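**Q** One structure follows; several queries about it will come next.
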Protein chains: 2
Amino acid sequence: MTPTSISQALPATGRGRPGYSRAQVISEAVNEFNAHGYEATSMGTLAKRLGITKSAIYHHVTSKEEILQEATDLALTSLEEISTEAWEQTGGPKAQLVFLIKGSIAVLCEHKAQVTLLLRLRGNSEAELEAMKRRRELTRAMIDLVVHAQEAGEIRPDLDAGVVGRLIFGTVNSLTDWYEAGGKLTPEEIADTTAELVLSGLKTATPST
Amino acid sequence: MTPTSISQALPATGRGRPGYSRAQVISEAVNEFNAHGYEATSMGTLAKRLGITKSAIYHHVTSKEEILQEATDLALTSLEEISTEAWEQTGGPKAQLVFLIKGSIAVLCEHKAQVTLLLRLRGNSEAELEAMKRRRELTRAMIDLVVHAQEAGEIRPDLDAGVVGRLIFGTVNSLTDWYEAGGKLTPEEIADTTAELVLSGLKTATPST
């Protein structure tokens, strides 16, 4: 399901003409960026879509870049929290890895629009470069955890940790492409399947003949 | 490594002012779309970047959409060939799955720019919608192969085939984000690691204590 348009979902609040809150303006802007591209969306386009004037948007935010920054910061902060919590989990590196995979999927399903925006950044502004730097640090933390689990003998040591870490995030991030809230499987079921796939693969429990 | 700018790499061929062939115009356009977004790139922007006039571009292609169509068709045709060949492999469904994973990675590494463009389409034009339809058929063929392998008892039957198929393509497609030609690992080594991860996961050969 696509997010319901705020003009349908929300009554006017009395602030400004159709009454968009700052959070609503940012949320709608992110949907617009994802549908048509960040660079292709101007504050003018956005105002037109919301049915308000540009100055009504500038009442809430100073620039398009501020919207990008706030939305990607929400996604990044949530993912960074999961990354920090993962390292604090007891039960060994493999359990920490599972926590990180499942936690990242939970963040992605909860903040799909913001994570989608984050993953599509191209680095054409300072705000984008800063967000991409934080994203690289998350990947680095994932790779460190893979190395840690390999050294502890909890996962196979023969695969390149850099490639494995990137592939794990690639697997998780692909959900922005196809996860739909209210779909056949819950976020928890998808997280379980993904963790199973990464940890145990598709191999049958007993060798097939 | 980013692709070398054609203005640096290629001598003027004598056709038009700086002498771009049709293939070179399309290739440079795809790089520009990937760097700044398809919708944010106009024929005017493109001409400016190539240092030629708009009419010099129109000498080769009739529209921006024609460029998109030709580039994504190259990626899709290559992936469709691998998908067809996979089903023709002998050795059972698991071997076919491995062929499809490794073959898709080979296509992605060879045509990274075109696959990247394909994966970022948002469906805002007929050409985009048509390419996205062909992409969905590739995902469907992957899911069918997973079902086939599950029914043959060659891979574990307990994971949802739809989720598994999408996660496999997600894993493969993440290479557009981080694969660099001439990097530490060859495309073949990355393909081997990815196939190993999908098939056997990170589980150690002998259970750890």
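Scheme for the structure tokens: letters A, B, ... for chains in order shown; per-chain residue numbers from 1; ligand numbers from 1 in order shown.
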At a cut-off of 9 Å, list the chain B residues touching chain A, using only C-alpha atoms, as a PyMOL selection string.
**A** chain B and resi 34-41+120+122-124+153-157+159-160+163-164+166-175+177-178+185+190+193-194+196-205+207-209
**Q** Would you mind listing what lies within 9 Å of range 135-142 of chain A as a ChimeraX atom specification, with only C-alpha atoms counted and same-chain residues fewer than 2 positions away left out?
**A** /A:76,79-80,83-84,97,100,118-119,130-133,144-147,162,165-166,168-169
**Q** I need the residues from that last selection saved to file as a compact mmCIF listing (two decimals), in the first residue's frame (with N, CA and C atoms), if you can.
**A**
# COMPACT_ATOMS: atom_id res chain seq x y z
N LEU A 76 18.81 7.33 9.51
CA LEU A 76 20.18 7.03 9.95
C LEU A 76 20.26 6.86 11.47
N LEU A 79 18.88 3.52 12.45
CA LEU A 79 19.79 2.42 12.08
C LEU A 79 21.04 2.43 12.96
N GLU A 80 21.53 3.61 13.30
CA GLU A 80 22.71 3.71 14.17
C GLU A 80 22.40 3.18 15.57
N SER A 83 22.52 -0.50 15.35
CA SER A 83 23.91 -0.93 15.21
C SER A 83 24.62 -0.92 16.57
N THR A 84 24.38 0.14 17.35
CA THR A 84 24.98 0.23 18.68
C THR A 84 24.43 -0.85 19.60
N LEU A 97 24.77 -10.42 15.11
CA LEU A 97 24.54 -10.29 13.68
C LEU A 97 23.04 -10.46 13.36
N LEU A 100 21.20 -7.39 14.42
CA LEU A 100 21.42 -6.27 13.49
C LEU A 100 20.58 -6.43 12.23
N LEU A 118 17.20 7.70 1.56
CA LEU A 118 18.60 7.56 1.95
C LEU A 118 19.39 6.72 0.96
N LEU A 119 18.78 5.61 0.49
CA LEU A 119 19.51 4.69 -0.39
C LEU A 119 19.68 5.24 -1.80
N GLU A 130 27.02 14.04 3.60
CA GLU A 130 27.08 13.75 5.03
C GLU A 130 26.27 12.49 5.35
N ALA A 131 25.08 12.38 4.76
CA ALA A 131 24.24 11.19 4.98
C ALA A 131 24.93 9.94 4.42
N MET A 132 25.57 10.08 3.25
CA MET A 132 26.25 8.93 2.64
C MET A 132 27.44 8.49 3.49
N LYS A 133 28.08 9.45 4.16
CA LYS A 133 29.20 9.13 5.05
C LYS A 133 28.69 8.29 6.24
N ASP A 144 32.56 -5.11 10.42
CA ASP A 144 33.31 -5.39 11.65
C ASP A 144 32.67 -6.54 12.42
N LEU A 145 31.34 -6.55 12.44
CA LEU A 145 30.62 -7.61 13.17
C LEU A 145 30.82 -8.96 12.47
N VAL A 146 30.84 -8.95 11.14
CA VAL A 146 31.10 -10.18 10.38
C VAL A 146 32.50 -10.70 10.70
N VAL A 147 33.49 -9.80 10.70
CA VAL A 147 34.87 -10.18 11.03
C VAL A 147 34.94 -10.78 12.44
N GLY A 162 34.21 -8.17 3.76
CA GLY A 162 33.75 -6.93 3.12
C GLY A 162 32.59 -7.20 2.16
N GLY A 165 29.46 -8.43 4.28
CA GLY A 165 28.78 -7.31 4.95
C GLY A 165 27.95 -6.49 3.98
N ARG A 166 28.53 -6.19 2.80
CA ARG A 166 27.80 -5.41 1.80
C ARG A 166 26.61 -6.20 1.25
N ILE A 168 24.90 -8.47 2.85
CA ILE A 168 23.84 -8.52 3.87
C ILE A 168 23.01 -7.24 3.81
N PHE A 169 23.68 -6.08 3.78
CA PHE A 169 22.92 -4.83 3.70
C PHE A 169 22.15 -4.75 2.38
**Q** Can you tell me, as an NGL selection string, what residues are no more than 9 Å from Gln89 in chain B when counting only C-alpha atoms, ignoring any on the same chain fewer than 6 positions away?
**A** :B and (95-96 or 99)
**Q** Would you write out those residues with all heavy atoms, as a PDB file, in the first residue's frame?
**A**
ATOM      1  N   ALA B  95      21.460 -26.346  -9.373  1.00  0.00           N
ATOM      2  CA  ALA B  95      22.501 -25.920 -10.311  1.00  0.00           C
ATOM      3  C   ALA B  95      21.987 -24.791 -11.201  1.00  0.00           C
ATOM      4  O   ALA B  95      22.727 -23.852 -11.536  1.00  0.00           O
ATOM      5  CB  ALA B  95      22.952 -27.100 -11.164  1.00  0.00           C
ATOM      6  N   GLN B  96      20.697 -24.848 -11.551  1.00  0.00           N
ATOM      7  CA  GLN B  96      20.101 -23.791 -12.363  1.00  0.00           C
ATOM      8  C   GLN B  96      20.042 -22.472 -11.596  1.00  0.00           C
ATOM      9  O   GLN B  96      20.301 -21.395 -12.146  1.00  0.00           O
ATOM     10  CB  GLN B  96      18.691 -24.214 -12.806  1.00  0.00           C
ATOM     11  CG  GLN B  96      18.703 -25.420 -13.752  1.00  0.00           C
ATOM     12  CD  GLN B  96      17.322 -25.948 -14.074  1.00  0.00           C
ATOM     13  OE1 GLN B  96      16.353 -25.679 -13.358  1.00  0.00           O
ATOM     14  NE2 GLN B  96      17.212 -26.731 -15.139  1.00  0.00           N
ATOM     15  N   PHE B  99      23.460 -21.023 -11.512  1.00  0.00           N
ATOM     16  CA  PHE B  99      23.748 -20.443 -12.828  1.00  0.00           C
ATOM     17  C   PHE B  99      23.104 -19.061 -12.961  1.00  0.00           C
ATOM     18  O   PHE B  99      23.729 -18.106 -13.438  1.00  0.00           O
ATOM     19  CB  PHE B  99      23.230 -21.369 -13.932  1.00  0.00           C
ATOM     20  CG  PHE B  99      23.511 -20.872 -15.326  1.00  0.00           C
ATOM     21  CD1 PHE B  99      24.670 -21.238 -15.999  1.00  0.00           C
ATOM     22  CD2 PHE B  99      22.616 -20.008 -15.965  1.00  0.00           C
ATOM     23  CE1 PHE B  99      24.931 -20.759 -17.284  1.00  0.00           C
ATOM     24  CE2 PHE B  99      22.876 -19.528 -17.248  1.00  0.00           C
ATOM     25  CZ  PHE B  99      24.033 -19.906 -17.901  1.00  0.00           C
TER      26      PHE B  99
END
**Q** Using CA of Met43 in chain B and CA of His59 in chain B as the two end points, give the distance in Å to one decimal.
**A**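 These atoms are spaced 12.3 Å apart.
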**Q** Do you know which residues are at most 9 Å from Glu65 in chain B counting only C-alpha atoms, after dropping those on the same chain fewer than 5 positions away, and could you put them as a count of residues only?
**A** 5
**Q** With a distance cut-off of 10 Å and only C-alpha atoms, select the neighbouring residues of Cys109 in chain A, excluding the residue or stretch itself and same-chain residues fewer than 3 positions from it, and output the selection as a short mmCIF file (atom, residue, chain, number, x, y, z; two decimals) with all heavy atoms, in the first residue's frame.
**A**
data_model
loop_
_atom_site.label_atom_id
_atom_site.label_comp_id
_atom_site.auth_asym_id
_atom_site.auth_seq_id
_atom_site.Cartn_x
_atom_site.Cartn_y
_atom_site.Cartn_z
N GLY A 103 16.84 -6.07 13.28
CA GLY A 103 16.58 -4.69 13.70
C GLY A 103 16.57 -3.73 12.52
O GLY A 103 15.74 -2.83 12.44
N SER A 104 17.51 -3.93 11.58
CA SER A 104 17.56 -3.06 10.41
C SER A 104 16.30 -3.21 9.55
O SER A 104 15.78 -2.24 9.01
CB SER A 104 18.80 -3.38 9.56
OG SER A 104 19.98 -3.15 10.30
N ILE A 105 15.81 -4.46 9.46
CA ILE A 105 14.57 -4.69 8.70
C ILE A 105 13.38 -4.01 9.38
O ILE A 105 12.53 -3.42 8.72
CB ILE A 105 14.34 -6.21 8.51
CG1 ILE A 105 15.37 -6.75 7.52
CG2 ILE A 105 12.91 -6.50 8.02
CD1 ILE A 105 15.32 -8.24 7.29
N ALA A 106 13.36 -4.07 10.72
CA ALA A 106 12.27 -3.40 11.44
C ALA A 106 12.29 -1.90 11.17
O ALA A 106 11.24 -1.29 10.91
CB ALA A 106 12.39 -3.68 12.94
N LYS A 112 10.05 3.22 5.79
CA LYS A 112 10.40 2.84 4.43
C LYS A 112 10.71 4.04 3.54
O LYS A 112 11.69 4.03 2.79
CB LYS A 112 9.26 1.99 3.82
CG LYS A 112 9.59 1.51 2.41
CD LYS A 112 8.46 0.67 1.83
CE LYS A 112 8.54 0.66 0.31
NZ LYS A 112 7.44 -0.08 -0.33
N ALA A 113 9.87 5.07 3.61
CA ALA A 113 10.07 6.23 2.71
C ALA A 113 11.41 6.91 2.99
O ALA A 113 12.15 7.25 2.06
CB ALA A 113 8.92 7.22 2.89
N VAL A 115 14.13 5.59 4.46
CA VAL A 115 15.25 4.72 4.09
C VAL A 115 15.41 4.68 2.56
O VAL A 115 16.52 4.71 2.04
CB VAL A 115 15.07 3.28 4.66
CG1 VAL A 115 16.18 2.37 4.18
CG2 VAL A 115 15.05 3.31 6.19
N LEU A 175 14.40 -4.61 0.47
CA LEU A 175 13.02 -4.50 0.93
C LEU A 175 12.38 -3.17 0.54
O LEU A 175 11.16 -3.10 0.38
CB LEU A 175 12.93 -4.67 2.46
CG LEU A 175 12.64 -6.09 2.95
CD1 LEU A 175 13.88 -6.97 2.81
CD2 LEU A 175 12.14 -6.08 4.36
N THR A 176 13.18 -2.11 0.40
CA THR A 176 12.60 -0.82 -0.01
C THR A 176 11.94 -0.96 -1.38
O THR A 176 11.06 -0.19 -1.74
CB THR A 176 13.65 0.31 -0.10
OG1 THR A 176 14.72 -0.10 -0.98
CG2 THR A 176 14.23 0.63 1.26
N TYR A 179 8.87 -4.43 -0.21
CA TYR A 179 8.06 -4.58 0.99
C TYR A 179 6.84 -3.65 0.93
O TYR A 179 6.97 -2.48 0.61
CB TYR A 179 8.86 -4.26 2.26
CG TYR A 179 7.97 -4.12 3.49
CD1 TYR A 179 7.36 -5.22 4.05
CD2 TYR A 179 7.70 -2.86 4.03
CE1 TYR A 179 6.51 -5.09 5.15
CE2 TYR A 179 6.86 -2.72 5.12
CZ TYR A 179 6.28 -3.84 5.68
OH TYR A 179 5.42 -3.71 6.75
N GLU A 180 5.68 -4.20 1.23
CA GLU A 180 4.49 -3.36 1.33
C GLU A 180 3.80 -3.61 2.66
O GLU A 180 3.50 -4.75 3.00
CB GLU A 180 3.51 -3.68 0.19
CG GLU A 180 4.07 -3.29 -1.16
CD GLU A 180 3.02 -3.31 -2.25
OE1 GLU A 180 1.86 -3.63 -1.97
OE2 GLU A 180 3.41 -3.00 -3.40
N ALA A 181 3.55 -2.52 3.39
CA ALA A 181 2.85 -2.65 4.68
C ALA A 181 1.51 -3.31 4.43
O ALA A 181 0.84 -3.01 3.45
CB ALA A 181 2.67 -1.27 5.31
N THR A 186 4.29 -10.42 7.61
CA THR A 186 4.57 -9.30 8.51
C THR A 186 6.06 -8.96 8.44
O THR A 186 6.88 -9.78 8.01
CB THR A 186 4.23 -9.67 9.96
OG1 THR A 186 5.11 -10.74 10.36
CG2 THR A 186 2.79 -10.13 10.10
N PRO A 187 6.43 -7.75 8.89
CA PRO A 187 7.85 -7.40 8.94
C PRO A 187 8.66 -8.43 9.73
O PRO A 187 9.79 -8.76 9.36
CB PRO A 187 7.84 -6.04 9.66
CG PRO A 187 6.52 -5.44 9.32
CD PRO A 187 5.56 -6.61 9.24
N GLU A 188 8.05 -8.98 10.81
CA GLU A 188 8.77 -9.96 11.64
C GLU A 188 9.03 -11.25 10.84
O GLU A 188 10.11 -11.83 10.93
CB GLU A 188 7.96 -10.29 12.90
CG GLU A 188 7.84 -9.17 13.92
CD GLU A 188 6.94 -8.03 13.45
OE1 GLU A 188 6.02 -8.27 12.64
OE2 GLU A 188 7.18 -6.88 13.88
N ILE A 190 9.26 -11.52 7.56
CA ILE A 190 10.27 -11.24 6.54
C ILE A 190 11.66 -11.18 7.18
O ILE A 190 12.64 -11.69 6.63
CB ILE A 190 9.95 -9.91 5.82
CG1 ILE A 190 8.65 -10.06 5.00
CG2 ILE A 190 11.10 -9.48 4.91
CD1 ILE A 190 8.14 -8.77 4.40
N ALA A 191 11.72 -10.58 8.38
CA ALA A 191 13.01 -10.50 9.09
C ALA A 191 13.53 -11.89 9.43
O ALA A 191 14.72 -12.19 9.28
CB ALA A 191 12.85 -9.65 10.35
#
**Q** Based on DSSP run over this structure's backbone, return all residues of range 56-199 of chain B in alpha helix (DSSP H), as a count of residues only.
**A** 110
**Q** Kindly give the distance, in Å, that separates CA of Ala29 in chain A and CA of Thr77 in chain A, rounded to a single decimal.
**A**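 Taking CA of Ala29 in chain A as the start and CA of Thr77 in chain A as the end point, the length is 19.5 Å.
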**Q** At what distance in Å, to one decimal, does CA of Thr72 in chain A lie from CA of Gln114 in chain A?
**A**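 Going from CA of Gln114 in chain A over to CA of Thr72 in chain A covers 5.8 Å.
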